[in-house]
There are 4 protein chains.
Amino acid sequence: MMKNYTTIFVMALCMLGIFGNGNAQIRNDEVYEYPNLNEQNYRYHLNIPDIDGYKTLKCDFHVHTVFSDGKVWPDQRVNEAWNEGMDVIAITDHIEYRPNKEIIAADFNKSYEIAKKQGDAIGMLVIKGSEITRKKPLGHLNALFLKDSNKLDVADELAAIDEAVKQGAYILWNHPGWPNDTSTIYPVHRELIAKNKIHGVEVFNAWEAYPKVIDWCNELGLAPFANTDVHYTSADMYRGRFQRPMTLVFAKEYTEEAVKEALFAGRTVACYNSTLSGKPEFLKSLIRESLSVKVINPEKGTIEITNHSDITYQIQYGTLMYSVPLYPNQTMRANIRSGADVTFTNCVVGKDRYVVTSLW
Amino acid sequence: MMKNYTTIFVMALCMLGIFGNGNAQIRNDEVYEYPNLNEQNYRYHLNIPDIDGYKTLKCDFHVHTVFSDGKVWPDQRVNEAWNEGMDVIAITDHIEYRPNKEIIAADFNKSYEIAKKQGDAIGMLVIKGSEITRKKPLGHLNALFLKDSNKLDVADELAAIDEAVKQGAYILWNHPGWPNDTSTIYPVHRELIAKNKIHGVEVFNAWEAYPKVIDWCNELGLAPFANTDVHYTSADMYRGRFQRPMTLVFAKEYTEEAVKEALFAGRTVACYNSTLSGKPEFLKSLIRESLSVKVINPEKGTIEITNHSDITYQIQYGTLMYSVPLYPNQTMRANIRSGADVTFTNCVVGKDRYVVTSLW
Amino acid sequence: MMKNYTTIFVMALCMLGIFGNGNAQIRNDEVYEYPNLNEQNYRYHLNIPDIDGYKTLKCDFHVHTVFSDGKVWPDQRVNEAWNEGMDVIAITDHIEYRPNKEIIAADFNKSYEIAKKQGDAIGMLVIKGSEITRKKPLGHLNALFLKDSNKLDVADELAAIDEAVKQGAYILWNHPGWPNDTSTIYPVHRELIAKNKIHGVEVFNAWEAYPKVIDWCNELGLAPFANTDVHYTSADMYRGRFQRPMTLVFAKEYTEEAVKEALFAGRTVACYNSTLSGKPEFLKSLIRESLSVKVINPEKGTIEITNHSDITYQIQYGTLMYSVPLYPNQTMRANIRSGADVTFTNCVVGKDRYVVTSLW
Amino acid sequence: MMKNYTTIFVMALCMLGIFGNGNAQIRNDEVYEYPNLNEQNYRYHLNIPDIDGYKTLKCDFHVHTVFSDGKVWPDQRVNEAWNEGMDVIAITDHIEYRPNKEIIAADFNKSYEIAKKQGDAIGMLVIKGSEITRKKPLGHLNALFLKDSNKLDVADELAAIDEAVKQGAYILWNHPGWPNDTSTIYPVHRELIAKNKIHGVEVFNAWEAYPKVIDWCNELGLAPFANTDVHYTSADMYRGRFQRPMTLVFAKEYTEEAVKEALFAGRTVACYNSTLSGKPEFLKSLIRESLSVKVINPEKGTIEITNHSDITYQIQYGTLMYSVPLYPNQTMRANIRSGADVTFTNCVVGKDRYVVTSLW
C-alpha cells in the first residue's frame, strides 16, 4: 500500500522559525497572529564587555542531547542557547552512556551533525565534542574540536584520550567534585596534565561550584570553565535570565578556529550566578570595561559607579562588614576615596581570594 | 569485547531531580551546591479559581515529541509542563509525519508510554493521544484517550477517525485556520460534527487565534480549546509566565476519567494571553471567583476591585473609550456604581462579543 | 489688588485621582489618555493569610511627613501606603525635631488631620501618633492613638510619656539599636516596661534589624514591630514589591479600635524582607495558612509544597546544609517524610532560634 | 523655658543618604544592616544613546512641590528624579495656585533654592522655573531659567510672560489639551509664538498625549516636550522603570548653559512609554545609535537586530499587518532585505506619520 499522505508536510515547520517566511503574517477575522509573544525569534543580549582587544564570547562546552542521555534534539540545543544569549556551544554527548540506544540508532557523530546544520542556518558556532565517560579516578572528560567521535569508542580510557589528542582535541576535565562530593586530583590527572593531555577544568558545572579548583588552575596552568552539562531543557534547569553557567572566552574573532586558539592559550573566565573565576588580569579588565565612575565630590570621595554589564558585581570597601551589590544597568552612589582599595567579592582569583583594586 | 563501563551510570541522573535523594546536599570547600537556583523542582502556581464545584484544571491537549517532529523527549514534556503550572498534558505525536523515523525506531504508542511513566512518578496526568494528520479539507485532528495509537495508521482518513471513535476517543479539530490562513468549516467537518465524531476545536493554537471559531462552538456545540502544539521547548516558544495557551477544564476530580467526562460534557474554556473564550456561564463564574469588590463610598460608587487570579482582566465601563487592566494580585480603585454594566473585553463569548456583567 | 485668577483651579487636581471623575476619559486626536499606566489607582495586594479567626492587617506605625523632618505631605503618605498594600499607617511626626518649622506653621496635630481626611476618603485607617524624641538613654518612642499631640510638647521626657499614657496611648520603643549601634535596655526602659508604659518595640526599623530584641519581647512581654520610619518617599527607600517593613497585626476587624485592642493584647508579628519575628504560635499559624502540601509518594516522602503567600519562606530539613526557598506563588517538590522536622529559618522566635515543625 | 533637647538631632538624617558616612556600617548581634535593600543610593541607568556629537540628557521640565500643590519637598524631587535616571529637572511651582499657603510661608523662589542645594550636593542639574497658571485660552506656561520668580506674580497674564522673557526665560506651553480635552491653538498662542515668546510645547504630559501637537511643532518651529507635571510621588504616578515621560535634550555638555542652548536651538525629542516624537533627523540618529544589525544570510535577508537601548522600538516591514517589538537588550531575528523600508511605528514625526528607513 502506497502512503502518499506525508508529502504535504514539508511546510509543517513553517509556523516555527522566522517571521514572515512562508505565509504572510496576518491579523484578520480568520487568523490573528501574535508573533510578538513568540520567544523563538528573540535572543537575550547579555552585556559582558569585550576586553583587551578580544571579543568576549559566551560559551557552553558541555551539552547533551537525546543521542546520549539528554532530553532535547540537537538542533533545538542550538536554538535554546541562541535564545539565551550564548555565542558558542559544544555538543558533547557521552560515548559510553547511551540509555536511549534501543530506540535511537545513530553513530557518535550524528548529534553534532544535526546541531551544526542548525548552527550554520542561524549563524551560531557549534563545536564538535564528545564526553569520555569513565569511572573515577579518571571520571569524565570532554574532548572538544574532534574530527571523528566514533574513534573514541574504545575500551581503554587512556587510549580514548590519546585518540582525541591525536585529532587535535582540547581536553576538558568535567565536574571534578562529582559524584562523590569531593574534589580530588588523582595521579592520573596530574600525569595527563603534565603530558599536556588535560587543558581545562570545570570550576562550575550545572548548579555546583568546586571552590578549590580555581587554585588548581593557578598551580597547574589549567583554564577555568563554567558549563551547564545540560540534560533537560535549560529553562527547566535555570530560572531567569543570566543564570546559565557560561565560559567566557576572549577570542580574536567569532570563528571556531579563534575559539580553539583562545582555549589553548588559556583565555577563559568561568562565570556563574554573577561569580567570575579566573586570572586577575582578565577579571580586572572585565571590571574596568563594565563599570564607569563619575566623581561627584572629590574631597569627600563621593562617586557614582555605573554598571553597564549584566553581571551583578559585589564590592566591599572602607569599614563595611559586608558587600554591596552593583546591579546591572544601575548606578550606585558611594563614598570611596581616590586610590582606596575595593574588594570585588564576586571576582574569585583563588580559594577565598578576590580581586582588590581601586576605582578611581 | 565486553563493555562493562556503562554499568556505573545508573546514578548519572541523580543530579537531576528531587533535592536530597541520592547524595546528601552539601556546601563545603569540595563542592558548593546551589539547588535554590535549580528550576527543576519548582513549579509556577497559576492562580485560576475553581468554579461551580469543579476543579479548574490547566490542560494542554496538543504536544509533540521527538517521536514525531518535536524536539523534546517525552518525559521532559511532562517535567516542562509541570514546571509551567500545567495539570494535564496529552502526548499527540503525528501518525503520518515522522521526519526522524530513520533514526528513531518505535511504534506509535512509545512516546506516550515514556511520558506516562514520568507522569506517574511525579503525580501528573498524561493523556494518550495521536494527531491524525491529513491534507485539507480534513486537516489535522487529535484523538485523545486512545487505547492503541498503532491502529490509527491507516490510509483512509475517515477510517482513522472511525478507529479512534471506536476506541472511545475524544476528537479535537486542530488549528482550523492553519496553514492557508483561512478558518473554514468544510462539509467533511459538518458531517463529522453531525455524527458526533468531532467534539472540540482549537480557538487558539501556538500564537494564533481564530476569531470566528468561538461562534462555531456556540452554533455546533463544540468545546473550545487553547493548546500549544508545542514542537520546540516551550520556553523557546513562550516568553514569561502564563503565556502558554491552556485549555481550562472544569472536572469533578483530578483523574483521567474526570477529565474525559468534563471534555465530553463540554466544560472547557480556552485561555491564551489572558483572553478567555467560552460559554458565558463559565466566564462569569471565573470572573466572580477571581475578583473581590470592596465598597469604599456607595454614593459615589467608589470601589476597590482586587484580582486574586493570574489572569489580567480588561474592563470597560461608564464613558471610558478603552479598557483598563485589572492586574493579577493587584487592587484597582474605580468609580462604578452599583448595578452598572461592566464589559470584560478579555472574556470572549462570540466574535466581537464579550461578557457584560455588574460588579456589585 | 484683587486676584481672581485662582478661582478656576479647583479642578487642578482632577487629573489626579480616580478614573472617570470629572472629565470623561478619552482617546482621540485631541487627547489620548493612558490611565492604565497610572500607578495611583492601583494597589499591590500582598498575600499574607488571615489566622486564628483574626484579620491580618499590614501596618506601619512609624511615618514622618514634612511637618517634622519627612519629605512628603501627609495625605500622600496615605496614598503611598495604600498603593504599596498597607492597611494601616500611623502618622508619627517628631515633637521635638521640626527642621522645617521656619517655613511650616502648624501645631502638632495638623499632619495627622490632613492624613486622616485622605484616609477617610479612600477607606484606609490612619492612626494619630507622635514621636517623643529624646536623647539616649531614653531615645525615641512613638505614642500611638493620641488624642492631642500638642500636650506632649513638654520639657520633661517622662512627663511626656505620662501625658501620652494618660491619653490612652500605646507606647512603642523605636529602633533600640540606633544611633550608637548597640541595642541596650537601659534602666529607664526596664522601669517604664514594669510600669506598663512601654508596650512594644521595633525589631526592624528602616533597613536595620536588632537581633537581640526578639528575646526582650519574649522576656518582658513586649510586642514586636517592624516599621519603615519613612522620611523620604518609600519608593526611594525600598526597591521592589514587599520590601517595606510591616507590622502584622491580628485584629478582630478593620477598625481603629480593633487595631488598638490587638496591639495591647500583643497580637503582632514583625515582618521585613520575608523574615518574620514573633511568637511561635502566630508564626506557625502563618505557615499553616500560607502553605499547602500535596503528597505525591507517601513511601518516599515525595511532596509538593505550594506557597500561596507573598512571603518567601526558607526551609531546612534532612541532611541539607542550607535553606531552600519556597517562593511566592510557586510549588516546590521535596522529599520530606511524614512527621519529619522542618526548620523555617525565616521564622525567628528568638535570637538564632527558629520555628521547627512538620509539614505533614 | 530653654529647650535643649533638639540639638542632638543633627545626625538624625545620617541614616538616610550615602553608605558609610557617619557611623560605620555593621552586621552583628546588636544591629544588622541591609543597605543593599536601600533604594536611595541606587539610580536606574536608562540607556538612551548620545547622538550627533551631543550628550542625550533625560530631562523633566515640569515638577511641583509642596510649595504649590505638589506633595513632595523640593530636595526629595531631586533625589527621586536621580533615582529614576533623570539628568535634569526644573522646579516649576505654580505662581497663582498655592493651596498650602496658609501653612507654608515662603516666596516663589524658595522651592528652587531648596532643590538646587540638593542638586549641587549630588551633582544633578536643577533648573529654576515657575508655572504661569492662567485660565484658558492662555492656559499654563512654564518659564524656565528664571532669575527671580517673585516678579512673575503680576495680575496681567501677558505681563507675566514679558517679565519671564525679560529674564531670558525659555517659555514652554504646557498640556495644550488639558483640561477641556481639546488641543487648540488660540490666537494668543499664535501671537506669542510669532513674537518668539513661546518656544516649546508639551506633546506628552503626565499620562496624556496630544496627537496633533507634533504637527504644530513642525509648522511653527516649536520644540516638543514630554514632562511629568508630577504632583504626587513619581512612584505613585508611574509603574515600573522607564515609564516616566522625559524630554530628551541633545546638549553640548552637562551644564545648565548647555541645556538652555539646546532648548533654544530646538534640539529635543519627547519620549513617553517608548514613543518618541520629534524631528526625523533626531529620531533616525537615535535609531541608528540604539540598534545594531548582524547579517546572517544576505541572500535571504536574514538579519539579527540588537536593541542596545531601553526604548522598545516597534517595527513594521514586508507584508506584516502589525508592528513587532524590538525589546531592550534583546536581539530579534527577522527577514528584511537590504535596502527594504522599515516603519518605526513608535517614532512619530507628525500626526500618523512615522520614521521610515532601511536597516542595512
# chains A, B, ... in the order shown; residues from 1 in each chain; ligands from 1

call {"tool": "residues_around", "arguments": {"residues": "stretch 341-351 of chain B", "least_positions_apart": "4", "cutoff": "7 Å", "atoms": "only C-alpha atoms", "output": "VMD selection string"}}
result
chain B and resid 211 to 212 214 to 215 274 to 280 283 313 to 317 355 to 358

call {"tool": "write_last_selection", "arguments": {"atoms": "N, CA and C atoms", "output": "PDB file, in the first residue's frame"}}
result
ATOM      1  N   PRO B 211     -10.623  33.991  15.307  1.00  0.00           N
ATOM      2  CA  PRO B 211     -11.731  34.740  15.926  1.00  0.00           C
ATOM      3  C   PRO B 211     -13.123  34.199  15.633  1.00  0.00           C
ATOM      4  N   LYS B 212     -13.321  33.590  14.460  1.00  0.00           N
ATOM      5  CA  LYS B 212     -14.670  33.114  14.120  1.00  0.00           C
ATOM      6  C   LYS B 212     -15.040  31.820  14.836  1.00  0.00           C
ATOM      7  N   ILE B 214     -15.050  30.711  17.829  1.00  0.00           N
ATOM      8  CA  ILE B 214     -15.872  30.669  19.040  1.00  0.00           C
ATOM      9  C   ILE B 214     -17.363  30.685  18.685  1.00  0.00           C
ATOM     10  N   ASP B 215     -17.699  31.308  17.529  1.00  0.00           N
ATOM     11  CA  ASP B 215     -19.094  31.248  17.066  1.00  0.00           C
ATOM     12  C   ASP B 215     -19.478  29.835  16.632  1.00  0.00           C
ATOM     13  N   SER B 274      -4.215  35.815  28.585  1.00  0.00           N
ATOM     14  CA  SER B 274      -5.265  36.423  29.398  1.00  0.00           C
ATOM     15  C   SER B 274      -6.571  36.664  28.654  1.00  0.00           C
ATOM     16  N   THR B 275      -6.706  36.138  27.452  1.00  0.00           N
ATOM     17  CA  THR B 275      -8.013  36.120  26.803  1.00  0.00           C
ATOM     18  C   THR B 275      -8.682  34.785  27.098  1.00  0.00           C
ATOM     19  N   LEU B 276      -9.931  34.854  27.525  1.00  0.00           N
ATOM     20  CA  LEU B 276     -10.715  33.661  27.824  1.00  0.00           C
ATOM     21  C   LEU B 276     -11.845  33.574  26.807  1.00  0.00           C
ATOM     22  N   SER B 277     -11.970  32.419  26.153  1.00  0.00           N
ATOM     23  CA  SER B 277     -13.062  32.220  25.189  1.00  0.00           C
ATOM     24  C   SER B 277     -13.889  31.032  25.620  1.00  0.00           C
ATOM     25  N   GLY B 278     -15.194  31.227  25.720  1.00  0.00           N
ATOM     26  CA  GLY B 278     -16.037  30.094  26.098  1.00  0.00           C
ATOM     27  C   GLY B 278     -17.447  30.527  26.407  1.00  0.00           C
ATOM     28  N   LYS B 279     -18.164  29.632  27.070  1.00  0.00           N
ATOM     29  CA  LYS B 279     -19.554  29.908  27.398  1.00  0.00           C
ATOM     30  C   LYS B 279     -19.658  30.981  28.470  1.00  0.00           C
ATOM     31  N   PRO B 280     -20.668  31.864  28.341  1.00  0.00           N
ATOM     32  CA  PRO B 280     -20.795  32.965  29.307  1.00  0.00           C
ATOM     33  C   PRO B 280     -20.869  32.476  30.754  1.00  0.00           C
ATOM     34  N   LEU B 283     -17.385  31.782  32.015  1.00  0.00           N
ATOM     35  CA  LEU B 283     -16.594  33.017  32.132  1.00  0.00           C
ATOM     36  C   LEU B 283     -17.065  33.855  33.318  1.00  0.00           C
ATOM     37  N   TYR B 313      -7.540  40.702  33.736  1.00  0.00           N
ATOM     38  CA  TYR B 313      -8.840  41.059  33.169  1.00  0.00           C
ATOM     39  C   TYR B 313      -8.773  42.482  32.619  1.00  0.00           C
ATOM     40  N   GLN B 314      -9.584  42.735  31.607  1.00  0.00           N
ATOM     41  CA  GLN B 314      -9.675  44.059  30.990  1.00  0.00           C
ATOM     42  C   GLN B 314     -11.121  44.507  31.071  1.00  0.00           C
ATOM     43  N   ILE B 315     -11.355  45.658  31.686  1.00  0.00           N
ATOM     44  CA  ILE B 315     -12.743  46.088  31.822  1.00  0.00           C
ATOM     45  C   ILE B 315     -12.961  47.475  31.222  1.00  0.00           C
ATOM     46  N   GLN B 316     -14.163  47.648  30.710  1.00  0.00           N
ATOM     47  CA  GLN B 316     -14.578  48.939  30.145  1.00  0.00           C
ATOM     48  C   GLN B 316     -15.932  49.279  30.757  1.00  0.00           C
ATOM     49  N   TYR B 317     -16.080  50.514  31.157  1.00  0.00           N
ATOM     50  CA  TYR B 317     -17.307  50.878  31.871  1.00  0.00           C
ATOM     51  C   TYR B 317     -17.521  52.379  31.738  1.00  0.00           C
ATOM     52  N   VAL B 355     -18.363  39.274  27.689  1.00  0.00           N
ATOM     53  CA  VAL B 355     -19.164  39.210  28.903  1.00  0.00           C
ATOM     54  C   VAL B 355     -19.471  40.628  29.384  1.00  0.00           C
ATOM     55  N   VAL B 356     -20.721  40.881  29.653  1.00  0.00           N
ATOM     56  CA  VAL B 356     -21.134  42.134  30.288  1.00  0.00           C
ATOM     57  C   VAL B 356     -21.846  41.755  31.583  1.00  0.00           C
ATOM     58  N   THR B 357     -21.412  42.337  32.667  1.00  0.00           N
ATOM     59  CA  THR B 357     -21.999  41.992  33.953  1.00  0.00           C
ATOM     60  C   THR B 357     -21.785  43.163  34.903  1.00  0.00           C
ATOM     61  N   SER B 358     -22.448  43.137  36.030  1.00  0.00           N
ATOM     62  CA  SER B 358     -22.187  44.172  37.035  1.00  0.00           C
ATOM     63  C   SER B 358     -21.278  43.585  38.108  1.00  0.00           C
TER      64      SER B 358
END

call {"tool": "interface_residues", "arguments": {"of": "chain C", "to": "chain B", "cutoff": "7 Å", "atoms": "only C-alpha atoms", "output": "list of chain:residue names"}}
result
C:Ile18, C:Phe19, C:Gly20, C:Ala24, C:Gln25, C:Ile26, C:Arg27, C:Asn36, C:Asn41, C:Tyr42, C:Arg43, C:Tyr44, C:His45, C:Ile122, C:Gly123, C:Ile296, C:Thr319, C:Leu320, C:Met321, C:Val324, C:Pro325, C:Asn329, C:Gln330, C:Thr331, C:Met332, C:Arg333, C:Ala334, C:Asn335

call {"tool": "atom_distance", "arguments": {"atom1": "atom CA of B:Thr312", "atom2": "atom CA of B:Phe61"}}
result
23.2 Å

call {"tool": "residues_around", "arguments": {"residues": "stretch 250-261 of chain C", "least_positions_apart": "6", "cutoff": "8 Å", "atoms": "only C-alpha atoms", "output": "JSON, numbers by chain"}}
result
{"C": [50, 51, 53, 54, 55, 56, 57, 125, 127, 145, 170, 267, 268]}

call {"tool": "residues_around", "arguments": {"residues": "stretch 238-245 of chain A", "least_positions_apart": "3", "cutoff": "7 Å", "atoms": "only C-alpha atoms", "output": "compact mmCIF listing (two decimals) with N, CA, C and O atoms, in the first residue's frame"}}
result
# COMPACT_ATOMS: atom_id res chain seq x y z
N ALA A 206 26.67 22.83 36.09
CA ALA A 206 25.24 22.81 36.47
C ALA A 206 24.98 23.81 37.59
O ALA A 206 25.10 25.01 37.37
N ALA A 226 33.03 27.18 33.09
CA ALA A 226 31.71 27.04 33.71
C ALA A 226 30.77 26.56 32.62
O ALA A 226 30.58 27.24 31.61
N ASN A 227 30.21 25.38 32.80
CA ASN A 227 29.34 24.80 31.78
C ASN A 227 28.04 24.31 32.40
O ASN A 227 27.97 24.10 33.61
N THR A 228 27.05 24.12 31.54
CA THR A 228 25.76 23.70 32.09
C THR A 228 25.67 22.19 32.30
O THR A 228 24.97 21.74 33.18
N SER A 234 17.07 23.80 29.12
CA SER A 234 17.80 24.70 30.01
C SER A 234 16.82 25.55 30.82
O SER A 234 17.12 25.92 31.95
N ALA A 235 15.65 25.84 30.29
CA ALA A 235 14.66 26.58 31.06
C ALA A 235 14.21 25.79 32.29
O ALA A 235 13.83 26.36 33.30
N CYS A 271 32.02 31.76 34.61
CA CYS A 271 31.01 32.72 35.07
C CYS A 271 29.72 31.99 35.41
O CYS A 271 29.14 31.31 34.56
N TYR A 272 29.30 32.10 36.66
CA TYR A 272 28.01 31.51 37.06
C TYR A 272 27.39 32.35 38.16
O TYR A 272 28.04 32.65 39.16
N ASN A 273 26.14 32.71 37.96
CA ASN A 273 25.40 33.41 39.01
C ASN A 273 26.16 34.68 39.44
O ASN A 273 26.23 35.01 40.62
N LEU B 37 18.85 27.59 42.91
CA LEU B 37 18.82 28.17 41.56
C LEU B 37 18.35 27.16 40.53
O LEU B 37 18.27 27.45 39.34
N ASN B 38 18.02 25.98 40.98
CA ASN B 38 17.58 24.89 40.12
C ASN B 38 16.08 24.99 39.89
O ASN B 38 15.28 24.85 40.81
N GLU B 39 15.72 25.21 38.67
CA GLU B 39 14.31 25.40 38.34
C GLU B 39 13.53 24.08 38.38
O GLU B 39 12.32 24.09 38.50

call {"tool": "closest_residue", "arguments": {"among": "D:Ser338, D:Asn218, D:Thr233, D:Asn196", "to": "D:Ala81", "atoms": "only C-alpha atoms"}}
result
D:Thr233

call {"tool": "select_by_dssp", "arguments": {"residues": "stretch 176-330 of chain A", "states": "helix (DSSP H, G or I)", "output": "number ranges by chain"}}
result
A: 187-194, 213-220, 234-236, 256-264, 280-290

call {"tool": "closest_residue", "arguments": {"among": "B:Val230, B:Gly339, B:Lys136, B:Tyr210", "to": "B:His189", "atoms": "only C-alpha atoms"}}
result
B:Lys136

call {"tool": "residues_around", "arguments": {"residues": "A:Val78", "least_positions_apart": "3", "cutoff": "8 Å", "atoms": "only C-alpha atoms", "output": "count of residues only"}}
result
10

call {"tool": "atom_distance", "arguments": {"atom1": "atom CA of B:Asp181", "atom2": "atom CA of B:Asp229"}}
result
16.7 Å

call {"tool": "decode", "arguments": {"residues": "stretch 107-130 of chain C", "atoms": "N, CA, C and O atoms", "output": "compact mmCIF listing (two decimals), in the first residue's frame"}}
result
# COMPACT_ATOMS: atom_id res chain seq x y z
N ASP C 107 0.45 73.30 64.27
CA ASP C 107 0.62 72.63 65.57
C ASP C 107 0.94 71.15 65.35
O ASP C 107 1.08 70.70 64.22
N PHE C 108 1.02 70.40 66.44
CA PHE C 108 1.48 69.01 66.35
C PHE C 108 0.37 68.04 65.89
O PHE C 108 0.64 66.88 65.68
N ASN C 109 -0.84 68.54 65.80
CA ASN C 109 -1.95 67.69 65.35
C ASN C 109 -2.20 67.77 63.85
O ASN C 109 -2.89 66.93 63.28
N LYS C 110 -1.63 68.78 63.23
CA LYS C 110 -2.02 69.10 61.86
C LYS C 110 -1.71 67.99 60.85
O LYS C 110 -2.54 67.68 59.97
N SER C 111 -0.55 67.38 60.95
CA SER C 111 -0.18 66.39 59.92
C SER C 111 -1.14 65.20 59.97
O SER C 111 -1.55 64.69 58.93
N TYR C 112 -1.50 64.79 61.18
CA TYR C 112 -2.49 63.71 61.28
C TYR C 112 -3.82 64.12 60.65
O TYR C 112 -4.45 63.34 59.93
N GLU C 113 -4.25 65.34 60.93
CA GLU C 113 -5.56 65.78 60.43
C GLU C 113 -5.62 65.71 58.90
O GLU C 113 -6.63 65.28 58.32
N ILE C 114 -4.55 66.15 58.27
CA ILE C 114 -4.52 66.11 56.79
C ILE C 114 -4.54 64.67 56.30
O ILE C 114 -5.26 64.32 55.36
N ALA C 115 -3.76 63.83 56.94
CA ALA C 115 -3.69 62.42 56.53
C ALA C 115 -5.02 61.71 56.77
O ALA C 115 -5.49 60.93 55.94
N LYS C 116 -5.62 61.99 57.91
CA LYS C 116 -6.87 61.32 58.29
C LYS C 116 -7.96 61.60 57.26
O LYS C 116 -8.74 60.71 56.90
N LYS C 117 -8.02 62.84 56.80
CA LYS C 117 -9.03 63.21 55.81
C LYS C 117 -8.88 62.37 54.54
O LYS C 117 -9.87 61.90 53.97
N GLN C 118 -7.64 62.17 54.13
CA GLN C 118 -7.41 61.33 52.94
C GLN C 118 -7.72 59.87 53.25
O GLN C 118 -8.29 59.16 52.41
N GLY C 119 -7.35 59.41 54.42
CA GLY C 119 -7.68 58.04 54.82
C GLY C 119 -9.19 57.81 54.76
O GLY C 119 -9.65 56.80 54.22
N ASP C 120 -9.94 58.76 55.27
CA ASP C 120 -11.40 58.62 55.23
C ASP C 120 -11.91 58.59 53.79
O ASP C 120 -12.81 57.82 53.44
N ALA C 121 -11.29 59.40 52.93
CA ALA C 121 -11.74 59.45 51.53
C ALA C 121 -11.51 58.14 50.80
O ALA C 121 -12.32 57.73 49.96
N ILE C 122 -10.41 57.48 51.09
CA ILE C 122 -10.10 56.25 50.34
C ILE C 122 -10.33 55.00 51.17
O ILE C 122 -10.03 53.88 50.72
N GLY C 123 -10.83 55.15 52.38
CA GLY C 123 -11.18 53.97 53.17
C GLY C 123 -10.01 53.28 53.81
O GLY C 123 -9.97 52.06 53.93
N MET C 124 -9.02 54.06 54.25
CA MET C 124 -7.82 53.48 54.87
C MET C 124 -7.67 54.02 56.28
O MET C 124 -7.84 55.22 56.53
N LEU C 125 -7.30 53.14 57.21
CA LEU C 125 -7.13 53.55 58.61
C LEU C 125 -5.84 54.34 58.80
O LEU C 125 -4.77 53.89 58.39
N VAL C 126 -5.95 55.49 59.43
CA VAL C 126 -4.79 56.31 59.77
C VAL C 126 -4.84 56.57 61.27
O VAL C 126 -5.86 57.03 61.79
N ILE C 127 -3.74 56.25 61.95
CA ILE C 127 -3.67 56.34 63.41
C ILE C 127 -2.93 57.62 63.79
O ILE C 127 -1.92 57.96 63.18
N LYS C 128 -3.44 58.28 64.82
CA LYS C 128 -2.78 59.51 65.29
C LYS C 128 -1.66 59.15 66.25
O LYS C 128 -1.90 58.50 67.27
N GLY C 129 -0.47 59.61 65.92
CA GLY C 129 0.66 59.34 66.79
C GLY C 129 1.63 60.50 66.81
O GLY C 129 1.45 61.50 66.09
N SER C 130 2.62 60.42 67.69
CA SER C 130 3.71 61.38 67.72
C SER C 130 4.95 60.65 68.19
O SER C 130 4.85 59.67 68.93
